[in-house]
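Below is one structure, written out as structure tokens; the observations come after it.
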Amino acid sequence: MTDLSSTPAIPVTIHRGDYRPPEWQVPDIALDFALGIDETKVAAALSVVRQADAPAPLVLRGDGLTPAAVRVDGEVWNDWHMDGGDLIVDLGERTAATVEIETVINPAANTQLMGLYASNGMLCTQCEAEGFRRITFHPDRPDVLSRYRVRMEGDKAAFPILLSNGNCIERGEEGSDHWALWEDPWPKPSYLFALVAGDLVVNKDSFTTMSGRKVDLGIWVREGDLDRTGHAMDALKNSMKWDEAVYGREYDLDLFNIVAVGDFNMGAMENKGLNIFNTRYILADPDTATDLDYDGVEGVVAHEYFHNWSGNRVTCRDWFQLSLKEGFTVFRDQSFSADMGSPPVKRIEDVRLLRAAQFPEDAGPLAHPIRPDSFQEISNFYTATIYNKGAEIIRMMATMVGPERFRKGTDLYFERHDGEAATCEDFVRAIEDGADIDLAQFRLWYGQAGTPRITARIGTDAATGERTLHLAQLVPPTPGQPDKAPMQIPLRIKAFDLDGGHGAEEERLVLLDRAEMAVPLGRYRSRPMLSINRGFSAPVIVDFAREEDELAWLAAHDDDPFARYEALQQLMLDTLVAAVSGKGGGSGAVIEAVAQTLAGRTGDPAFVAEAVLLPSEAFIGDQMVTVDPDAIRRERLALQGAIGAALEAEWRGVLSGDAPAATDLSRGAKGGRRLRGVALAYLAAAGLDDAAALAFRIFSDADGMTERQAALATLAHGDSEERAHALDIFYQRYRDNPLVLDKWFQVQAWSLRPDTVDAVKELARHPDFTLANPNRVRSLYGALTGNQAAFHRADGAGYRLIADLVIALDPKNPQTAAKMIPPLGRWKRFDEGRQALMRAELERILAQRGLSRDVTEQASKSLA
Ligand code: PHE
Ligand code: ZN
């Protein structure tokens, strides 16, 4: 006898082109939960209606479930069989029926954190993308939308709070048990179902919508965390208001709840009316959260709230359309955060992230278009490409049509598709119709992977003095896509005239839509200073050879702050790449430009702090044919030290005086702290005698986490006595706060010390380390993979450590394990020795028995 369900899964590839509409819809579903931490009974009643013209079996997906008591229209039913984990019910000629099924699950044993699981004594769910099938049998596809009625019953003491989507319409008690009945009036796909049961306390507030409806808001956390929910609540109310003002979107239930849980695979989840969050994106107070943490809370709260329209009211037809909700929602949360803070700084942060996470993905073996053509495991497609490049593609449309017309397009999109499961194509068509633009060629962005490369050159007609900008584009080959067609690329450009006074020049939007194009610039007596891809109007790489003095001029004078930042980054990058390849010409120009920028720090200190940061080691590596991590670290540290030493007085000036009070979260205060952190890092890099003492003093005097963490991170790079002392103080003070303890692991894994891999290995044996908590795993191992020279240690110790982790974690939590593989997949970019070591680790992973689909897909694609 062979037991099919236990044979290793042969990866099945699912193709976008194979989409077929569902044969059965499920207009209504009633769920009854008898709650228990290690045994929860689920009774589901699905009203099903046939959509297919001819009889078709009802396919209900299941994952790790055994059906009990299958009934159809109240009768015990035997016409069913299992197909792998799925339940196939033969309903004969019926066109409608009520199908009842019981399942029993063990939330405590659910270490994958998908479906119904236990976290710290509380029960909660995570269903996106395909977790609902771990709770009960169901079509579990996003184009099957149902009205949910959820009854749950459990021990009053263990689960005093019972929450689900929609409104609570009844509750009652029976002995030591109590129960609640929730009803969600809005039909939704199963991935938006949520249930929470546990001992929670609430921060309550309310919001009155633009049509005057009062919405009760609740943020639910564990006892003791309540006083760290204020910022999330403010962010929620600001998001609700912003979506009304900017997109005309009003909230549609009387209740909006958020629950924070400590064990969560992702950032947060937009379940209808009951968002579930990683505690990391809810809890913040000045003592435990940095300014960046505060911004993260604000951005993620907004993101999940915005999903109520871009995701829930209009959902995705199938998972190939994931960027329909994610790209658009990221664009919306980016715009919101820009409006709440500093637009140029937000843009710089977003581009930095895109270049750090998405460009490498798009240039490697896991490259995929924002609308993929196939996948094996959808969890592997919650990527920077789907999210962040997806957002850039929406942004380009908005740039091309301007805000008013874009709003007309989105209004039409929401109006046309409200209540539907839509496609990316539906979105593009709504923008075309609503904003009145032809996006025929632009659609290529949805299907073609790879970061387009643009080369720019300025030509001069010697006789007339006419200047021409010659542009050429190349979309590189990516897996499965050897040849690409030219795309439509919106480039904001401006050419400054140094001789004629540049007041007259206008910025313009060039639509590069051919392989090559010549753009007349007009007559300039001397070479114009060209500012190109201003505001990062397109997610592309621009190759444009510019002299140091040109970049320095733009860094100082460009009227687009983002372009000023870009010019300084380019100058730094050119200097570093030259140094790494042994052609170093000195750091004078960079030092001068940094000094210039610093001199303007009174304007927007946050901008200055971003602008004077050196490009990351990874980004420097991305500019090179073969990445040399050791040379990059050496040269980057050398330049950082040179800037630190040359501008010592300036950096000390930044640090003189008191830090803004940690409770002051104004833009100016946050920017001031950010710049202080950068100044301290420069002084430390310069190797000044008093650097460690200075960092330790800042660490000790800090009245908040921003300064404290910045000082600790700086100390962690060195080997001073103060380092050990500070780490110890920090640990003792925060050992009971998981989110802060994550930082303690993280700063050590980020350390530039040569022994960091060994330190990480040691920290993995620390009593506070656990593989059961994704945040903890990311704070240690995720930080290591972001530490380029450490991860790429020439003897392969970093690779081995990550592969060991993947192998150990996969049986527990395949989703989080699979996320650690892409760094190993970048082997092509390194020297032969490292290539061989990286490939060997990928092969070792693949040789494991019983590997998950998640890890199998990522590791095998990474070897190709
Ligand atoms: N849909 C969530 C978001 O982006 C992300 C998520 C995906 C969370 C899968 C959990 C599981 O907002
Ligand atoms: Zn999202």
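Labels used: A, B, ... for chains in the order of the structure tokens, numbers from 1 for residues in each chain, and numbers from 1 for ligands as shown.
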Backbone-only DSSP, alpha helix (DSSP H) members of region 630-822 of chain A, as a ChimeraX atom specification | /A:630-646,648-655,667-685,691-701,705-717,721-734,738-749,756-763,774-777,783-785,788-791,797-809,814-818
Generate a file of the selected residues that holds C-alpha atoms, formatted as a CSV table (one decimal), in the first residue's frame.
chain,number,residue,atom,x,y,z
A,630,ASP,CA,36.5,42.2,0.5
A,631,ALA,CA,37.8,45.0,-1.7
A,632,ILE,CA,34.4,46.7,-1.5
A,633,ARG,CA,34.4,46.6,2.3
A,634,ARG,CA,38.0,47.9,2.5
A,635,GLU,CA,37.5,50.8,0.1
A,636,ARG,CA,34.1,51.8,1.4
A,637,LEU,CA,35.5,51.9,5.0
A,638,ALA,CA,38.5,53.8,3.7
A,639,LEU,CA,36.3,56.4,2.0
A,640,GLN,CA,34.1,56.6,5.0
A,641,GLY,CA,37.1,57.1,7.2
A,642,ALA,CA,38.5,59.8,4.9
A,643,ILE,CA,35.2,61.7,5.0
A,644,GLY,CA,35.0,61.3,8.7
A,645,ALA,CA,38.5,62.6,9.2
A,646,ALA,CA,38.4,65.5,6.7
A,648,GLU,CA,35.7,65.9,11.7
A,649,ALA,CA,34.8,69.4,12.8
A,650,GLU,CA,31.5,69.3,10.9
A,651,TRP,CA,30.5,65.9,12.3
A,652,ARG,CA,31.4,67.0,15.8
A,653,GLY,CA,29.3,70.1,15.1
A,654,VAL,CA,26.3,68.0,14.3
A,655,LEU,CA,26.8,66.1,17.5
A,667,ARG,CA,10.1,66.0,11.2
A,668,GLY,CA,12.9,68.3,12.4
A,669,ALA,CA,13.6,66.2,15.5
A,670,LYS,CA,13.6,63.0,13.6
A,671,GLY,CA,15.8,64.4,10.9
A,672,GLY,CA,18.2,65.8,13.5
A,673,ARG,CA,18.5,62.4,15.1
A,674,ARG,CA,19.1,60.7,11.8
A,675,LEU,CA,21.9,63.1,11.0
A,676,ARG,CA,23.5,62.6,14.4
A,677,GLY,CA,23.6,58.9,13.8
A,678,VAL,CA,25.3,59.4,10.5
A,679,ALA,CA,27.8,61.8,12.0
A,680,LEU,CA,28.7,59.3,14.8
A,681,ALA,CA,29.3,56.6,12.2
A,682,TYR,CA,31.6,58.9,10.2
A,683,LEU,CA,33.6,59.8,13.3
A,684,ALA,CA,33.9,56.2,14.3
A,685,ALA,CA,35.0,55.2,10.8
A,691,ALA,CA,35.1,57.6,19.1
A,692,ALA,CA,34.2,54.6,21.3
A,693,ALA,CA,33.9,56.8,24.3
A,694,LEU,CA,31.8,59.3,22.4
A,695,ALA,CA,29.5,56.5,21.1
A,696,PHE,CA,29.3,55.1,24.6
A,697,ARG,CA,28.3,58.4,26.0
A,698,ILE,CA,25.6,58.9,23.4
A,699,PHE,CA,24.4,55.3,24.2
A,700,SER,CA,24.3,56.1,27.9
A,701,ASP,CA,22.7,59.5,27.6
A,705,MET,CA,15.9,54.1,21.0
A,706,THR,CA,16.9,56.0,17.9
A,707,GLU,CA,20.1,57.4,19.5
A,708,ARG,CA,20.6,54.3,21.6
A,709,GLN,CA,20.5,51.9,18.7
A,710,ALA,CA,22.6,54.1,16.5
A,711,ALA,CA,25.3,54.3,19.1
A,712,LEU,CA,25.1,50.6,19.8
A,713,ALA,CA,25.4,49.7,16.1
A,714,THR,CA,28.4,52.0,15.8
A,715,LEU,CA,30.1,50.4,18.8
A,716,ALA,CA,29.2,46.9,17.5
A,717,HIS,CA,31.5,47.4,14.5
A,721,GLU,CA,35.7,47.6,25.8
A,722,GLU,CA,32.7,49.9,25.5
A,723,ARG,CA,31.3,47.6,22.9
A,724,ALA,CA,30.9,44.6,25.2
A,725,HIS,CA,29.7,46.8,28.0
A,726,ALA,CA,27.0,48.5,25.9
A,727,LEU,CA,25.8,45.2,24.5
A,728,ASP,CA,25.5,43.8,28.0
A,729,ILE,CA,23.6,46.9,29.4
A,730,PHE,CA,21.3,46.7,26.4
A,731,TYR,CA,20.6,43.0,26.9
A,732,GLN,CA,20.0,43.3,30.6
A,733,ARG,CA,17.6,46.2,30.1
A,734,TYR,CA,15.5,44.7,27.3
A,738,PRO,CA,11.2,40.5,22.2
A,739,LEU,CA,11.2,43.4,19.6
A,740,VAL,CA,14.1,45.1,21.3
A,741,LEU,CA,15.9,41.9,21.8
A,742,ASP,CA,15.7,41.4,18.1
A,743,LYS,CA,17.7,44.6,17.7
A,744,TRP,CA,20.4,43.2,20.0
A,745,PHE,CA,20.8,40.2,17.8
A,746,GLN,CA,20.6,42.3,14.6
A,747,VAL,CA,23.3,44.9,15.5
A,748,GLN,CA,25.7,42.0,16.2
A,749,ALA,CA,24.9,40.3,12.9
A,756,THR,CA,30.8,38.2,12.5
A,757,VAL,CA,29.9,34.9,11.0
A,758,ASP,CA,31.4,33.1,14.0
A,759,ALA,CA,29.5,35.5,16.3
A,760,VAL,CA,26.2,34.7,14.5
A,761,LYS,CA,26.9,31.0,14.9
A,762,GLU,CA,27.4,31.6,18.6
A,763,LEU,CA,24.3,33.8,18.9
A,774,PRO,CA,10.3,34.6,12.3
A,775,ASN,CA,11.3,38.0,13.6
A,776,ARG,CA,14.1,36.5,15.6
A,777,VAL,CA,15.2,34.4,12.7
A,783,ALA,CA,20.8,40.6,9.0
A,784,LEU,CA,23.8,38.3,8.2
A,785,THR,CA,22.8,37.9,4.5
A,788,GLN,CA,27.9,41.5,2.3
A,789,ALA,CA,31.5,40.8,3.3
A,790,ALA,CA,30.4,38.6,6.2
A,791,PHE,CA,27.9,36.5,4.3
A,797,ALA,CA,31.3,29.9,6.4
A,798,GLY,CA,28.5,32.3,5.8
A,799,TYR,CA,26.9,30.2,3.0
A,800,ARG,CA,27.2,27.1,5.2
A,801,LEU,CA,25.5,28.8,8.1
A,802,ILE,CA,22.6,30.0,6.0
A,803,ALA,CA,22.2,26.6,4.3
A,804,ASP,CA,22.2,24.9,7.8
A,805,LEU,CA,19.5,27.3,8.8
A,806,VAL,CA,17.4,26.6,5.8
A,807,ILE,CA,17.7,22.9,6.4
A,808,ALA,CA,16.8,23.2,10.1
A,809,LEU,CA,13.9,25.6,9.5
A,814,PRO,CA,9.0,26.5,5.0
A,815,GLN,CA,7.8,30.0,4.1
A,816,THR,CA,10.4,31.7,6.2
A,817,ALA,CA,13.1,29.2,5.3
A,818,ALA,CA,12.6,29.8,1.6
Identify, counting only C-alpha atoms and all ligand atoms, the protein, DNA and RNA residues located within 7 Å of ligand 1, and give them as a PyMOL selection string.
-> chain A and resi 126-129+265-270+303-304+326+379+382
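Backbone DSSP over region 497-536 of chain A gives strand (DSSP E) for A:Arg508, A:Leu509, A:Val510, A:Leu511, A:Leu512, A:Glu516, A:Met517, A:Ala518, A:Val519, A:Pro520, A:Leu521, A:Gly522, A:Arg523, A:Met529, A:Leu530, A:Ser531, A:Ile532.
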Those selected residues, please, written with N, CA and C atoms and delivered as a PDB file, in the first residue's frame.
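Done, and the output landed in part.pdb:
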ATOM      1  N   ARG A 508      11.015  68.453 -18.465  1.00  0.00           N
ATOM      2  CA  ARG A 508      10.034  67.806 -19.321  1.00  0.00           C
ATOM      3  C   ARG A 508      10.034  66.295 -19.165  1.00  0.00           C
ATOM      4  N   LEU A 509       8.929  65.747 -19.647  1.00  0.00           N
ATOM      5  CA  LEU A 509       8.758  64.305 -19.535  1.00  0.00           C
ATOM      6  C   LEU A 509       8.996  63.701 -20.907  1.00  0.00           C
ATOM      7  N   VAL A 510      10.060  62.941 -21.016  1.00  0.00           N
ATOM      8  CA  VAL A 510      10.366  62.269 -22.275  1.00  0.00           C
ATOM      9  C   VAL A 510       9.837  60.841 -22.194  1.00  0.00           C
ATOM     10  N   LEU A 511       9.058  60.449 -23.179  1.00  0.00           N
ATOM     11  CA  LEU A 511       8.598  59.061 -23.212  1.00  0.00           C
ATOM     12  C   LEU A 511       9.497  58.282 -24.161  1.00  0.00           C
ATOM     13  N   LEU A 512      10.423  57.591 -23.591  1.00  0.00           N
ATOM     14  CA  LEU A 512      11.324  56.771 -24.411  1.00  0.00           C
ATOM     15  C   LEU A 512      10.574  55.494 -24.752  1.00  0.00           C
ATOM     16  N   GLU A 516      16.013  53.245 -29.634  1.00  0.00           N
ATOM     17  CA  GLU A 516      16.866  54.429 -29.623  1.00  0.00           C
ATOM     18  C   GLU A 516      16.036  55.652 -29.933  1.00  0.00           C
ATOM     19  N   MET A 517      16.472  56.760 -29.400  1.00  0.00           N
ATOM     20  CA  MET A 517      15.693  57.976 -29.604  1.00  0.00           C
ATOM     21  C   MET A 517      16.602  59.189 -29.450  1.00  0.00           C
ATOM     22  N   ALA A 518      16.340  60.199 -30.257  1.00  0.00           N
ATOM     23  CA  ALA A 518      17.111  61.436 -30.144  1.00  0.00           C
ATOM     24  C   ALA A 518      16.171  62.541 -29.670  1.00  0.00           C
ATOM     25  N   VAL A 519      16.553  63.217 -28.599  1.00  0.00           N
ATOM     26  CA  VAL A 519      15.711  64.272 -28.037  1.00  0.00           C
ATOM     27  C   VAL A 519      16.438  65.607 -28.192  1.00  0.00           C
ATOM     28  N   PRO A 520      15.914  66.509 -29.020  1.00  0.00           N
ATOM     29  CA  PRO A 520      16.570  67.805 -29.167  1.00  0.00           C
ATOM     30  C   PRO A 520      16.467  68.598 -27.865  1.00  0.00           C
ATOM     31  N   LEU A 521      17.601  69.163 -27.450  1.00  0.00           N
ATOM     32  CA  LEU A 521      17.602  69.909 -26.194  1.00  0.00           C
ATOM     33  C   LEU A 521      17.609  71.414 -26.428  1.00  0.00           C
ATOM     34  N   GLY A 522      17.967  71.822 -27.636  1.00  0.00           N
ATOM     35  CA  GLY A 522      18.085  73.251 -27.902  1.00  0.00           C
ATOM     36  C   GLY A 522      19.546  73.671 -27.902  1.00  0.00           C
ATOM     37  N   ARG A 523      19.717  75.005 -27.946  1.00  0.00           N
ATOM     38  CA  ARG A 523      21.070  75.533 -28.114  1.00  0.00           C
ATOM     39  C   ARG A 523      21.691  75.885 -26.760  1.00  0.00           C
ATOM     40  N   MET A 529      24.136  70.841 -18.131  1.00  0.00           N
ATOM     41  CA  MET A 529      24.172  69.904 -16.998  1.00  0.00           C
ATOM     42  C   MET A 529      22.858  69.132 -17.036  1.00  0.00           C
ATOM     43  N   LEU A 530      22.952  67.861 -17.345  1.00  0.00           N
ATOM     44  CA  LEU A 530      21.715  67.107 -17.542  1.00  0.00           C
ATOM     45  C   LEU A 530      21.305  66.357 -16.283  1.00  0.00           C
ATOM     46  N   SER A 531      20.086  66.644 -15.887  1.00  0.00           N
ATOM     47  CA  SER A 531      19.484  65.924 -14.769  1.00  0.00           C
ATOM     48  C   SER A 531      18.461  64.977 -15.399  1.00  0.00           C
ATOM     49  N   ILE A 532      18.628  63.695 -15.175  1.00  0.00           N
ATOM     50  CA  ILE A 532      17.811  62.704 -15.894  1.00  0.00           C
ATOM     51  C   ILE A 532      17.225  61.685 -14.930  1.00  0.00           C
TER      52      ILE A 532
END
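The gap separating CA of Asn120 (chain A) from CA of Asp263 (chain A) is 8.3 Å, in Å to one decimal.
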Distance in Å - CA of Arg371 (chain A) versus CA of Arg16 (chain A) = 9.0 Å
Can you list, as a PyMOL selection string, every protein, DNA or RNA residue that comes within 7 Å of Glu250 (chain A) when you count only C-alpha atoms, leaving out same-chain residues fewer than 6 positions away?
-> chain A and resi 209-210+244
Generate the output file for the selected residues, N, CA and C atoms, as a CSV table (one decimal), in the first residue's frame.
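Saved result, result26.csv, follows:
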chain,number,residue,atom,x,y,z
A,209,THR,N,-16.5,59.0,9.3
A,209,THR,CA,-16.2,59.0,7.9
A,209,THR,C,-16.7,60.2,7.2
A,210,MET,N,-16.4,60.4,5.9
A,210,MET,CA,-16.8,61.6,5.3
A,210,MET,C,-18.3,61.7,5.1
A,244,GLU,N,-9.8,59.0,2.0
A,244,GLU,CA,-11.0,59.7,1.6
A,244,GLU,C,-10.6,61.0,0.8
Residues near Gly299 (chain A), cut-off 12 Å, only C-alpha atoms, skip fewer than 3 positions along chain, as a PyMOL selection string | chain A and resi 231-232+234-236+238-239+267-268+281-282+292-296+302-306+329-341+346+350
The distance between CA of Gly131 (chain A) and CA of Met114 (chain A) is 5.2 Å
Residue with smallest distance to Ala611 (chain A) - pool A:Phe256, A:Tyr565, A:Phe159, A:Tyr148, counting only C-alpha atoms | A:Tyr565
Among listed residues A:Trp24, A:Trp309, A:Phe496, A:Phe193, nearest ligand 2 (using only C-alpha atoms and all ligand atoms) | A:Trp309
Find the residues near region 470-485 of chain A: any atom within 8 Å, counting only C-alpha atoms, skip ones fewer than 3 places away on the same chain, and give them as an mmCIF file with C-alpha atoms, in the first residue's frame.
data_model
loop_
_atom_site.group_PDB
_atom_site.id
_atom_site.type_symbol
_atom_site.label_atom_id
_atom_site.label_comp_id
_atom_site.auth_asym_id
_atom_site.auth_seq_id
_atom_site.Cartn_x
_atom_site.Cartn_y
_atom_site.Cartn_z
ATOM 1 C CA ASP A 362 15.452 41.215 -11.371
ATOM 2 C CA ALA A 363 19.047 40.524 -12.390
ATOM 3 C CA GLY A 364 19.207 37.003 -10.963
ATOM 4 C CA PRO A 365 17.824 33.502 -11.431
ATOM 5 C CA LEU A 366 14.566 34.293 -9.622
ATOM 6 C CA ALA A 367 13.666 37.238 -11.876
ATOM 7 C CA HIS A 368 9.985 37.347 -12.783
ATOM 8 C CA LEU A 444 4.946 45.374 -21.497
ATOM 9 C CA GLN A 448 8.714 41.621 -19.213
ATOM 10 C CA ALA A 449 11.094 41.044 -16.312
ATOM 11 C CA GLY A 450 14.513 42.641 -15.937
ATOM 12 C CA THR A 451 15.608 46.184 -15.134
ATOM 13 C CA PRO A 452 15.836 48.220 -18.332
ATOM 14 C CA ARG A 453 19.229 49.816 -18.929
ATOM 15 C CA ILE A 454 19.314 53.183 -20.544
ATOM 16 C CA THR A 455 22.365 54.758 -22.041
ATOM 17 C CA ALA A 456 22.373 58.505 -22.430
ATOM 18 C CA ARG A 457 24.778 60.678 -24.378
ATOM 19 C CA ILE A 458 24.713 64.330 -25.352
ATOM 20 C CA GLY A 459 25.682 65.190 -28.921
ATOM 21 C CA LEU A 512 11.324 56.771 -24.411
ATOM 22 C CA ARG A 514 11.885 52.879 -28.932
ATOM 23 C CA ALA A 515 15.213 51.111 -28.780
ATOM 24 C CA GLU A 516 16.866 54.429 -29.623
ATOM 25 C CA MET A 517 15.693 57.976 -29.604
ATOM 26 C CA ALA A 518 17.111 61.436 -30.144
ATOM 27 C CA VAL A 519 15.711 64.272 -28.037
#
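Residues with any atom within 9 Å of Asp433 (chain A), counting only C-alpha atoms and excluding same-chain neighbours fewer than 3 positions away, are A:Lys408, A:Gly409, A:Leu412, A:Val428, A:Arg429, A:Ala430, A:Asp436, A:Ile437, A:Asp438.
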Between A:Asp53, A:Asp768, A:Asp79, A:Glu153, which one has atoms that come closest to Trp182 (chain A), using only C-alpha atoms?
-> A:Glu153
Write out as a PyMOL selection string each polymer residue whose atoms come within 8 Å of Ala30 (chain A), counting only C-alpha atoms; drop sequence neighbours fewer than 4 positions from it.
-> chain A and resi 44-46+148-151
